[in-house]
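Colleague: Here's a structure for you.
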Amino acid sequence: MHTRCPVCGLKFEREPGYFLGAMVIGYTLAVPVMGAAILLLWRATRWEWNTILIASGVALLPFVPAITRWARVLWIHFDRGVDPED
């Protein structure tokens with residue numbers, strides 16, 4: 001991740017732990033993806049729940065980088081909207 005925006009110069013990493021709030025957003029984005037994978041696997045395979053949970057976790061892995069990036073972007077937008085002066 002860049003330290004500053006190449007277009008506007010916004011400093012992304014403001015202080016240590018700045019993106020902890022993005023973890024909540026990332027979790028909120030990941031739950032529907034994993035829920036959809038659980039539902040699809042359950043309806044398509046009728047496997048046991050332990051197998052479905054493991055398989056849906058593996059199915060979520062390719063989406064993790066995108067979810068992390070989207071969560072950080074949403075967190076920056078939220079933070080800039082609440083406290084634009086920093």
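Residue numbers start at 1 in each chain; chains themselves are named A, B, ... in the order of the structure tokens; ligands are numbered from 1 in the order shown.
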Can you pull out every residue within 8 Å of segment 46-63 of chain A, counting only C-alpha atoms, but drop anything in the same chain fewer than 4 positions away, and send it as a PDB file with N, CA and C atoms, in the first residue's frame?

Modeller:
ATOM      1  N   ALA A  30     -16.964  -9.637   4.870  1.00  0.00           N
ATOM      2  CA  ALA A  30     -16.653 -11.058   4.694  1.00  0.00           C
ATOM      3  C   ALA A  30     -17.804 -11.974   5.096  1.00  0.00           C
ATOM      4  N   VAL A  33     -20.147 -12.946   2.202  1.00  0.00           N
ATOM      5  CA  VAL A  33     -19.456 -13.797   1.227  1.00  0.00           C
ATOM      6  C   VAL A  33     -19.369 -15.224   1.760  1.00  0.00           C
ATOM      7  N   MET A  34     -18.958 -15.351   3.019  1.00  0.00           N
ATOM      8  CA  MET A  34     -18.839 -16.686   3.599  1.00  0.00           C
ATOM      9  C   MET A  34     -20.224 -17.310   3.803  1.00  0.00           C
ATOM     10  N   ALA A  37     -21.291 -18.740   0.568  1.00  0.00           N
ATOM     11  CA  ALA A  37     -20.567 -19.989   0.290  1.00  0.00           C
ATOM     12  C   ALA A  37     -21.129 -21.131   1.130  1.00  0.00           C
ATOM     13  N   ILE A  38     -21.452 -20.857   2.387  1.00  0.00           N
ATOM     14  CA  ILE A  38     -22.045 -21.885   3.254  1.00  0.00           C
ATOM     15  C   ILE A  38     -23.381 -22.350   2.686  1.00  0.00           C
ATOM     16  N   LEU A  41     -22.859 -24.398  -0.576  1.00  0.00           N
ATOM     17  CA  LEU A  41     -22.313 -25.730  -0.307  1.00  0.00           C
ATOM     18  C   LEU A  41     -23.334 -26.625   0.384  1.00  0.00           C
ATOM     19  N   TRP A  42     -24.094 -26.070   1.285  1.00  0.00           N
ATOM     20  CA  TRP A  42     -25.093 -26.862   2.002  1.00  0.00           C
ATOM     21  C   TRP A  42     -26.174 -27.376   1.054  1.00  0.00           C
ATOM     22  N   ILE A  67     -11.261  -7.762  -0.026  1.00  0.00           N
ATOM     23  CA  ILE A  67     -12.045  -7.315   1.125  1.00  0.00           C
ATOM     24  C   ILE A  67     -11.203  -6.409   2.016  1.00  0.00           C
TER      25      ILE A  67
END

Colleague: Quick one: residues within 9 Å of segment 24-29 of chain A, only C-alpha atoms counted, chain neighbours fewer than 4 positions away excluded, as a PyMOL selection string?

Modeller: chain A and resi 20+33+64+67-72+74-75

Colleague: Looking only at alpha helix (DSSP H) from DSSP on the backbone, list the matching residues of chain A as a CSV table (one decimal) with all heavy atoms, in the first residue's frame.

Modeller:
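The file below, states-v7.csv, is the result:
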chain,number,residue,atom,x,y,z
A,20,LEU,N,-7.4,-0.3,12.5
A,20,LEU,CA,-8.1,-1.3,13.3
A,20,LEU,C,-9.6,-1.2,13.1
A,20,LEU,O,-10.3,-2.2,13.1
A,20,LEU,CB,-7.8,-1.1,14.8
A,20,LEU,CG,-6.4,-1.5,15.3
A,20,LEU,CD1,-6.2,-1.2,16.8
A,20,LEU,CD2,-6.2,-3.0,15.1
A,21,GLY,N,-10.1,0.0,12.9
A,21,GLY,CA,-11.5,0.1,12.5
A,21,GLY,C,-11.9,-0.6,11.2
A,21,GLY,O,-13.0,-1.0,11.0
A,22,ALA,N,-10.9,-0.7,10.3
A,22,ALA,CA,-11.2,-1.3,9.0
A,22,ALA,C,-11.4,-2.8,9.2
A,22,ALA,O,-12.0,-3.5,8.4
A,22,ALA,CB,-10.0,-1.1,8.1
A,23,MET,N,-10.9,-3.4,10.3
A,23,MET,CA,-11.1,-4.8,10.6
A,23,MET,C,-12.6,-5.1,10.8
A,23,MET,O,-13.1,-6.1,10.4
A,23,MET,CB,-10.3,-5.2,11.8
A,23,MET,CG,-8.9,-5.3,11.6
A,23,MET,SD,-7.9,-5.6,13.1
A,23,MET,CE,-8.6,-7.1,13.6
A,24,VAL,N,-13.3,-4.1,11.4
A,24,VAL,CA,-14.8,-4.3,11.6
A,24,VAL,C,-15.5,-4.3,10.3
A,24,VAL,O,-16.4,-5.1,10.0
A,24,VAL,CB,-15.3,-3.2,12.6
A,24,VAL,CG1,-16.8,-3.3,12.7
A,24,VAL,CG2,-14.6,-3.3,14.0
A,25,ILE,N,-15.1,-3.3,9.5
A,25,ILE,CA,-15.7,-3.2,8.1
A,25,ILE,C,-15.4,-4.5,7.3
A,25,ILE,O,-16.2,-5.0,6.6
A,25,ILE,CB,-15.2,-2.0,7.4
A,25,ILE,CG1,-15.7,-0.7,8.2
A,25,ILE,CG2,-15.7,-1.9,6.0
A,25,ILE,CD1,-15.2,0.6,7.7
A,26,GLY,N,-14.1,-5.0,7.4
A,26,GLY,CA,-13.7,-6.2,6.7
A,26,GLY,C,-14.5,-7.4,7.1
A,26,GLY,O,-15.0,-8.2,6.3
A,27,TYR,N,-14.8,-7.5,8.4
A,27,TYR,CA,-15.6,-8.6,8.9
A,27,TYR,C,-17.0,-8.5,8.4
A,27,TYR,O,-17.6,-9.5,8.0
A,27,TYR,CB,-15.6,-8.5,10.5
A,27,TYR,CG,-16.4,-9.6,11.1
A,27,TYR,CD1,-16.0,-10.9,11.2
A,27,TYR,CD2,-17.7,-9.3,11.6
A,27,TYR,CE1,-16.8,-11.9,11.7
A,27,TYR,CE2,-18.5,-10.3,12.2
A,27,TYR,CZ,-18.0,-11.6,12.2
A,27,TYR,OH,-18.8,-12.6,12.8
A,28,THR,N,-17.5,-7.2,8.4
A,28,THR,CA,-18.9,-7.0,7.9
A,28,THR,C,-19.0,-7.4,6.4
A,28,THR,O,-20.0,-7.8,5.9
A,28,THR,CB,-19.3,-5.5,8.1
A,28,THR,OG1,-19.2,-5.2,9.5
A,28,THR,CG2,-20.7,-5.3,7.6
A,29,LEU,N,-17.9,-7.1,5.6
A,29,LEU,CA,-17.9,-7.5,4.2
A,29,LEU,C,-17.7,-9.0,4.0
A,29,LEU,O,-18.3,-9.6,3.0
A,29,LEU,CB,-16.8,-6.7,3.5
A,29,LEU,CG,-17.0,-5.2,3.4
A,29,LEU,CD1,-15.7,-4.6,2.8
A,29,LEU,CD2,-18.2,-4.8,2.6
A,30,ALA,N,-17.0,-9.6,4.9
A,30,ALA,CA,-16.7,-11.1,4.7
A,30,ALA,C,-17.8,-12.0,5.1
A,30,ALA,O,-18.0,-13.1,4.5
A,30,ALA,CB,-15.4,-11.4,5.5
A,31,VAL,N,-18.6,-11.6,6.1
A,31,VAL,CA,-19.7,-12.4,6.5
A,31,VAL,C,-20.7,-12.8,5.4
A,31,VAL,O,-21.0,-14.0,5.3
A,31,VAL,CB,-20.4,-11.8,7.8
A,31,VAL,CG1,-21.7,-12.4,8.1
A,31,VAL,CG2,-19.5,-11.8,9.0
A,32,PRO,N,-21.2,-11.8,4.6
A,32,PRO,CA,-22.1,-12.3,3.5
A,32,PRO,C,-21.4,-13.2,2.5
A,32,PRO,O,-22.1,-14.1,2.0
A,32,PRO,CB,-22.5,-10.9,2.9
A,32,PRO,CG,-22.2,-9.9,3.9
A,32,PRO,CD,-21.1,-10.4,4.7
A,33,VAL,N,-20.1,-12.9,2.2
A,33,VAL,CA,-19.5,-13.8,1.2
A,33,VAL,C,-19.4,-15.2,1.8
A,33,VAL,O,-19.7,-16.2,1.1
A,33,VAL,CB,-18.1,-13.2,0.9
A,33,VAL,CG1,-17.3,-14.2,0.0
A,33,VAL,CG2,-18.2,-11.9,0.3
A,34,MET,N,-19.0,-15.4,3.0
A,34,MET,CA,-18.8,-16.7,3.6
A,34,MET,C,-20.2,-17.3,3.8
A,34,MET,O,-20.4,-18.5,3.6
A,34,MET,CB,-18.1,-16.6,4.9
A,34,MET,CG,-17.7,-18.0,5.4
A,34,MET,SD,-16.3,-17.9,6.6
A,34,MET,CE,-16.2,-19.5,7.1
A,35,GLY,N,-21.2,-16.5,4.2
A,35,GLY,CA,-22.6,-17.0,4.3
A,35,GLY,C,-23.1,-17.6,3.0
A,35,GLY,O,-23.8,-18.6,3.0
A,36,ALA,N,-22.8,-16.9,1.9
A,36,ALA,CA,-23.3,-17.3,0.6
A,36,ALA,C,-22.6,-18.6,0.3
A,36,ALA,O,-23.2,-19.6,-0.3
A,36,ALA,CB,-23.0,-16.3,-0.5
A,37,ALA,N,-21.3,-18.7,0.6
A,37,ALA,CA,-20.6,-20.0,0.3
A,37,ALA,C,-21.1,-21.1,1.1
A,37,ALA,O,-21.3,-22.2,0.6
A,37,ALA,CB,-19.1,-19.8,0.6
A,38,ILE,N,-21.5,-20.9,2.4
A,38,ILE,CA,-22.0,-21.9,3.3
A,38,ILE,C,-23.4,-22.4,2.7
A,38,ILE,O,-23.6,-23.6,2.6
A,38,ILE,CB,-22.2,-21.4,4.7
A,38,ILE,CG1,-20.8,-21.2,5.4
A,38,ILE,CG2,-23.1,-22.3,5.5
A,38,ILE,CD1,-20.9,-20.5,6.7
A,39,LEU,N,-24.2,-21.4,2.3
A,39,LEU,CA,-25.5,-21.8,1.8
A,39,LEU,C,-25.4,-22.6,0.5
A,39,LEU,O,-26.1,-23.6,0.3
A,39,LEU,CB,-26.4,-20.5,1.5
A,39,LEU,CG,-27.8,-20.7,1.1
A,39,LEU,CD1,-28.6,-21.4,2.1
A,39,LEU,CD2,-28.4,-19.4,0.7
A,40,LEU,N,-24.5,-22.1,-0.4
A,40,LEU,CA,-24.4,-22.9,-1.7
A,40,LEU,C,-23.8,-24.3,-1.4
A,40,LEU,O,-24.3,-25.2,-2.1
A,40,LEU,CB,-23.4,-22.1,-2.6
A,40,LEU,CG,-24.0,-20.8,-3.2
A,40,LEU,CD1,-22.9,-20.0,-4.0
A,40,LEU,CD2,-25.1,-21.1,-4.2
A,41,LEU,N,-22.9,-24.4,-0.6
A,41,LEU,CA,-22.3,-25.7,-0.3
A,41,LEU,C,-23.3,-26.6,0.4
A,41,LEU,O,-23.4,-27.8,0.1
A,41,LEU,CB,-21.0,-25.6,0.6
A,41,LEU,CG,-19.8,-25.1,-0.2
A,41,LEU,CD1,-18.7,-24.9,0.8
A,41,LEU,CD2,-19.4,-26.1,-1.2
A,42,TRP,N,-24.1,-26.1,1.3
A,42,TRP,CA,-25.1,-26.9,2.0
A,42,TRP,C,-26.2,-27.4,1.1
A,42,TRP,O,-26.6,-28.5,1.1
A,42,TRP,CB,-25.7,-26.0,3.1
A,42,TRP,CG,-26.8,-26.8,3.9
A,42,TRP,CD1,-26.6,-27.9,4.7
A,42,TRP,CD2,-28.1,-26.4,3.9
A,42,TRP,NE1,-27.8,-28.2,5.2
A,42,TRP,CE2,-28.8,-27.4,4.8
A,42,TRP,CE3,-28.9,-25.4,3.4
A,42,TRP,CZ2,-30.1,-27.3,5.0
A,42,TRP,CZ3,-30.3,-25.4,3.6
A,42,TRP,CH2,-30.9,-26.4,4.5
A,43,ARG,N,-26.6,-26.5,0.2
A,43,ARG,CA,-27.7,-26.9,-0.8
A,43,ARG,C,-27.2,-27.8,-1.9
A,43,ARG,O,-27.9,-28.7,-2.3
A,43,ARG,CB,-28.3,-25.7,-1.4
A,43,ARG,CG,-29.1,-24.9,-0.4
A,43,ARG,CD,-30.2,-24.1,-1.0
A,43,ARG,NE,-30.9,-23.4,0.1
A,43,ARG,CZ,-32.2,-23.1,-0.1
A,43,ARG,NH1,-32.8,-23.4,-1.2
A,43,ARG,NH2,-32.8,-22.5,0.9
A,44,ALA,N,-25.9,-27.6,-2.3
A,44,ALA,CA,-25.4,-28.4,-3.4
A,44,ALA,C,-24.8,-29.8,-2.9
A,44,ALA,O,-24.9,-30.7,-3.7
A,44,ALA,CB,-24.3,-27.6,-4.1
A,45,THR,N,-24.3,-29.9,-1.7
A,45,THR,CA,-23.6,-31.1,-1.3
A,45,THR,C,-24.3,-31.9,-0.2
A,45,THR,O,-24.1,-33.1,-0.1
A,45,THR,CB,-22.2,-30.8,-0.9
A,45,THR,OG1,-22.2,-29.9,0.2
A,45,THR,CG2,-21.4,-30.1,-2.0
A,49,TRP,N,-21.7,-30.2,8.7
A,49,TRP,CA,-21.4,-28.8,9.0
A,49,TRP,C,-19.9,-28.5,9.1
A,49,TRP,O,-19.5,-27.4,8.7
A,49,TRP,CB,-22.2,-28.3,10.2
A,49,TRP,CG,-23.6,-28.0,9.9
A,49,TRP,CD1,-24.7,-28.7,10.2
A,49,TRP,CD2,-24.1,-26.8,9.2
A,49,TRP,NE1,-25.8,-28.1,9.8
A,49,TRP,CE2,-25.5,-26.9,9.1
A,49,TRP,CE3,-23.5,-25.7,8.6
A,49,TRP,CZ2,-26.3,-26.0,8.5
A,49,TRP,CZ3,-24.2,-24.8,7.9
A,49,TRP,CH2,-25.6,-24.9,7.9
A,50,ASN,N,-19.2,-29.4,9.7
A,50,ASN,CA,-17.8,-29.1,9.9
A,50,ASN,C,-17.1,-29.0,8.5
A,50,ASN,O,-16.3,-28.1,8.3
A,50,ASN,CB,-17.1,-30.2,10.7
A,50,ASN,CG,-17.5,-30.2,12.1
A,50,ASN,OD1,-18.1,-29.2,12.6
A,50,ASN,ND2,-17.4,-31.3,12.8
A,51,THR,N,-17.4,-29.9,7.6
A,51,THR,CA,-16.9,-29.9,6.3
A,51,THR,C,-17.3,-28.6,5.5
A,51,THR,O,-16.5,-28.0,4.8
A,51,THR,CB,-17.3,-31.1,5.5
A,51,THR,OG1,-17.0,-32.3,6.3
A,51,THR,CG2,-16.6,-31.2,4.2
A,52,ILE,N,-18.5,-28.2,5.7
A,52,ILE,CA,-19.0,-27.0,5.0
A,52,ILE,C,-18.3,-25.8,5.5
A,52,ILE,O,-17.9,-24.9,4.7
A,52,ILE,CB,-20.6,-26.9,5.2
A,52,ILE,CG1,-21.3,-28.0,4.4
A,52,ILE,CG2,-21.1,-25.5,4.8
A,52,ILE,CD1,-22.8,-28.0,4.6
A,53,LEU,N,-18.1,-25.7,6.8
A,53,LEU,CA,-17.4,-24.5,7.4
A,53,LEU,C,-16.0,-24.4,6.9
A,53,LEU,O,-15.5,-23.3,6.5
A,53,LEU,CB,-17.5,-24.5,8.9
A,53,LEU,CG,-18.9,-24.3,9.5
A,53,LEU,CD1,-18.8,-24.4,11.0
A,53,LEU,CD2,-19.4,-22.9,9.1
A,54,ILE,N,-15.3,-25.5,6.8
A,54,ILE,CA,-13.9,-25.6,6.4
A,54,ILE,C,-13.9,-25.2,4.9
A,54,ILE,O,-13.1,-24.4,4.5
A,54,ILE,CB,-13.3,-26.9,6.6
A,54,ILE,CG1,-13.1,-27.1,8.2
A,54,ILE,CG2,-11.9,-27.0,5.9
A,54,ILE,CD1,-12.7,-28.5,8.6
A,55,ALA,N,-14.7,-25.8,4.1
A,55,ALA,CA,-14.8,-25.5,2.7
A,55,ALA,C,-15.1,-24.1,2.4
A,55,ALA,O,-14.5,-23.4,1.5
A,55,ALA,CB,-15.7,-26.5,2.0
A,56,SER,N,-16.1,-23.5,3.1
A,56,SER,CA,-16.4,-22.1,2.9
A,56,SER,C,-15.3,-21.2,3.3
A,56,SER,O,-15.1,-20.1,2.7
A,56,SER,CB,-17.7,-21.8,3.6
A,56,SER,OG,-17.6,-21.9,5.0
A,57,GLY,N,-14.6,-21.5,4.4
A,57,GLY,CA,-13.4,-20.7,4.8
A,57,GLY,C,-12.3,-20.7,3.7
A,57,GLY,O,-11.7,-19.7,3.4
A,58,VAL,N,-12.1,-21.9,3.1
A,58,VAL,CA,-11.2,-22.0,2.0
A,58,VAL,C,-11.7,-21.2,0.8
A,58,VAL,O,-10.9,-20.5,0.1
A,58,VAL,CB,-10.9,-23.5,1.6
A,58,VAL,CG1,-10.1,-23.6,0.3
A,58,VAL,CG2,-10.2,-24.2,2.7
A,59,ALA,N,-13.0,-21.2,0.5
A,59,ALA,CA,-13.6,-20.5,-0.6
A,59,ALA,C,-13.5,-19.0,-0.4
A,59,ALA,O,-13.4,-18.2,-1.4
A,59,ALA,CB,-15.0,-20.9,-0.8
A,60,LEU,N,-13.4,-18.5,0.9
A,60,LEU,CA,-13.3,-17.1,1.2
A,60,LEU,C,-11.9,-16.6,0.9
A,60,LEU,O,-11.7,-15.4,0.6
A,60,LEU,CB,-13.7,-16.9,2.6
A,60,LEU,CG,-13.6,-15.4,3.2
A,60,LEU,CD1,-14.6,-14.5,2.5
A,60,LEU,CD2,-13.7,-15.4,4.7
A,64,VAL,N,-10.0,-12.4,0.3
A,64,VAL,CA,-9.5,-11.7,1.4
A,64,VAL,C,-8.7,-10.4,1.0
A,64,VAL,O,-8.9,-9.4,1.6
A,64,VAL,CB,-8.6,-12.6,2.3
A,64,VAL,CG1,-7.8,-11.8,3.3
A,64,VAL,CG2,-9.5,-13.6,3.0
A,65,PRO,N,-7.8,-10.5,0.0
A,65,PRO,CA,-7.1,-9.2,-0.4
A,65,PRO,C,-8.0,-8.1,-0.8
A,65,PRO,O,-7.8,-7.0,-0.5
A,65,PRO,CB,-6.2,-9.7,-1.5
A,65,PRO,CG,-6.0,-11.1,-1.3
A,65,PRO,CD,-7.3,-11.6,-0.7
A,66,ALA,N,-9.0,-8.5,-1.6
A,66,ALA,CA,-10.0,-7.4,-2.1
A,66,ALA,C,-10.8,-6.9,-0.9
A,66,ALA,O,-11.0,-5.7,-0.8
A,66,ALA,CB,-10.9,-8.0,-3.1
A,67,ILE,N,-11.3,-7.8,0.0
A,67,ILE,CA,-12.0,-7.3,1.1
A,67,ILE,C,-11.2,-6.4,2.0
A,67,ILE,O,-11.7,-5.4,2.5
A,67,ILE,CB,-12.6,-8.5,1.9
A,67,ILE,CG1,-13.7,-9.2,1.1
A,67,ILE,CG2,-13.1,-8.1,3.3
A,67,ILE,CD1,-14.2,-10.5,1.7
A,68,THR,N,-9.9,-6.8,2.2
A,68,THR,CA,-9.1,-5.9,3.0
A,68,THR,C,-8.9,-4.5,2.4
A,68,THR,O,-9.0,-3.5,3.1
A,68,THR,CB,-7.7,-6.6,3.2
A,68,THR,OG1,-7.9,-7.9,3.8
A,68,THR,CG2,-6.8,-5.8,4.1
A,69,ARG,N,-8.7,-4.5,1.1
A,69,ARG,CA,-8.5,-3.2,0.5
A,69,ARG,C,-9.8,-2.4,0.5
A,69,ARG,O,-9.7,-1.2,0.8
A,69,ARG,CB,-8.1,-3.4,-1.0
A,69,ARG,CG,-7.7,-2.1,-1.7
A,69,ARG,CD,-7.1,-2.4,-3.0
A,69,ARG,NE,-5.8,-3.1,-2.8
A,69,ARG,CZ,-4.6,-2.7,-3.2
A,69,ARG,NH1,-4.6,-1.5,-3.8
A,69,ARG,NH2,-3.5,-3.4,-2.9
A,70,TRP,N,-10.9,-3.0,0.2
A,70,TRP,CA,-12.2,-2.3,0.3
A,70,TRP,C,-12.5,-1.8,1.7
A,70,TRP,O,-13.0,-0.7,1.9
A,70,TRP,CB,-13.3,-3.1,-0.2
A,70,TRP,CG,-13.3,-3.5,-1.6
A,70,TRP,CD1,-12.6,-2.8,-2.6
A,70,TRP,CD2,-13.9,-4.7,-2.2
A,70,TRP,NE1,-12.8,-3.5,-3.8
A,70,TRP,CE2,-13.5,-4.6,-3.6
A,70,TRP,CE3,-14.6,-5.7,-1.7
A,70,TRP,CZ2,-14.0,-5.6,-4.5
A,70,TRP,CZ3,-15.0,-6.7,-2.6
A,70,TRP,CH2,-14.7,-6.6,-4.0
A,71,ALA,N,-12.2,-2.6,2.7
A,71,ALA,CA,-12.4,-2.2,4.1
A,71,ALA,C,-11.5,-1.0,4.5
A,71,ALA,O,-12.0,0.0,5.1
A,71,ALA,CB,-12.1,-3.3,5.1
A,72,ARG,N,-10.3,-0.9,4.0
A,72,ARG,CA,-9.4,0.2,4.3
A,72,ARG,C,-9.9,1.5,3.6
A,72,ARG,O,-9.9,2.5,4.2
A,72,ARG,CB,-8.0,-0.1,3.9
A,72,ARG,CG,-7.3,-1.0,4.8
A,72,ARG,CD,-5.9,-1.3,4.4
A,72,ARG,NE,-5.2,-2.0,5.5
A,72,ARG,CZ,-3.9,-1.9,5.7
A,72,ARG,NH1,-3.1,-1.1,4.9
A,72,ARG,NH2,-3.3,-2.6,6.7
A,73,VAL,N,-10.4,1.3,2.3
A,73,VAL,CA,-10.9,2.5,1.6
A,73,VAL,C,-12.1,3.0,2.3
A,73,VAL,O,-12.3,4.2,2.5
A,73,VAL,CB,-11.2,2.1,0.2
A,73,VAL,CG1,-12.0,3.1,-0.5
A,73,VAL,CG2,-9.9,1.8,-0.6
A,74,LEU,N,-13.0,2.1,2.7
A,74,LEU,CA,-14.3,2.6,3.4
A,74,LEU,C,-13.9,3.2,4.7
A,74,LEU,O,-14.6,4.2,5.1
A,74,LEU,CB,-15.2,1.4,3.6
A,74,LEU,CG,-15.9,0.9,2.3
A,74,LEU,CD1,-16.6,-0.4,2.6
A,74,LEU,CD2,-16.8,1.9,1.7
A,75,TRP,N,-12.9,2.7,5.4
A,75,TRP,CA,-12.5,3.2,6.7
A,75,TRP,C,-12.0,4.7,6.5
A,75,TRP,O,-12.3,5.6,7.3
A,75,TRP,CB,-11.5,2.4,7.4
A,75,TRP,CG,-11.1,2.9,8.7
A,75,TRP,CD1,-9.9,3.5,9.0
A,75,TRP,CD2,-11.8,3.1,9.9
A,75,TRP,NE1,-9.8,3.9,10.3
A,75,TRP,CE2,-11.0,3.7,10.9
A,75,TRP,CE3,-13.2,2.7,10.2
A,75,TRP,CZ2,-11.5,4.0,12.1
A,75,TRP,CZ3,-13.6,3.0,11.5
A,75,TRP,CH2,-12.8,3.6,12.4
A,76,ILE,N,-11.1,4.9,5.5
A,76,ILE,CA,-10.6,6.2,5.2
A,76,ILE,C,-11.7,7.2,4.9
A,76,ILE,O,-11.7,8.3,5.4
A,76,ILE,CB,-9.5,6.1,4.1
A,76,ILE,CG1,-8.3,5.4,4.6
A,76,ILE,CG2,-9.2,7.5,3.6
A,76,ILE,CD1,-7.3,5.2,3.5
A,77,HIS,N,-12.7,6.7,4.1
A,77,HIS,CA,-13.8,7.6,3.7
A,77,HIS,C,-14.6,7.9,5.0
A,77,HIS,O,-15.0,9.1,5.2
A,77,HIS,CB,-14.7,7.0,2.7
A,77,HIS,CG,-14.1,7.1,1.3
A,77,HIS,ND1,-14.1,8.3,0.6
A,77,HIS,CD2,-13.6,6.2,0.5
A,77,HIS,CE1,-13.6,8.1,-0.6
A,77,HIS,NE2,-13.2,6.8,-0.7
A,78,PHE,N,-14.9,7.0,5.8
A,78,PHE,CA,-15.6,7.2,7.1
A,78,PHE,C,-14.8,8.2,8.0
A,78,PHE,O,-15.4,9.1,8.5
A,78,PHE,CB,-15.8,5.9,7.8
A,78,PHE,CG,-16.4,6.1,9.2
A,78,PHE,CD1,-17.8,6.4,9.3
A,78,PHE,CD2,-15.6,5.9,10.3
A,78,PHE,CE1,-18.3,6.6,10.6
A,78,PHE,CE2,-16.2,6.1,11.6
A,78,PHE,CZ,-17.5,6.4,11.7
A,79,ASP,N,-13.6,7.9,8.1
A,79,ASP,CA,-12.8,8.8,9.0
A,79,ASP,C,-12.7,10.2,8.5
A,79,ASP,O,-12.8,11.2,9.2
A,79,ASP,CB,-11.4,8.2,9.2
A,79,ASP,CG,-10.5,9.0,10.2
A,79,ASP,OD1,-11.0,9.2,11.3
A,79,ASP,OD2,-9.4,9.4,9.8
A,80,ARG,N,-12.5,10.4,7.2
A,80,ARG,CA,-12.4,11.7,6.6
A,80,ARG,C,-13.8,12.4,6.7
A,80,ARG,O,-13.8,13.6,6.8
A,80,ARG,CB,-12.0,11.6,5.1
A,80,ARG,CG,-10.6,11.1,4.9
A,80,ARG,CD,-9.5,11.9,5.4
A,80,ARG,NE,-9.4,13.1,4.6
A,80,ARG,CZ,-8.6,14.1,4.8
A,80,ARG,NH1,-7.9,14.1,5.8
A,80,ARG,NH2,-8.6,15.2,4.0
A,81,GLY,N,-14.9,11.7,6.6
A,81,GLY,CA,-16.2,12.3,6.8
A,81,GLY,C,-16.4,12.7,8.2
A,81,GLY,O,-17.1,13.8,8.5
A,82,VAL,N,-16.0,12.0,9.2
A,82,VAL,CA,-16.2,12.3,10.6
A,82,VAL,C,-15.3,13.4,11.1
A,82,VAL,O,-15.6,14.3,11.8
A,82,VAL,CB,-16.1,11.0,11.5
A,82,VAL,CG1,-16.1,11.4,13.0
A,82,VAL,CG2,-17.2,10.0,11.2
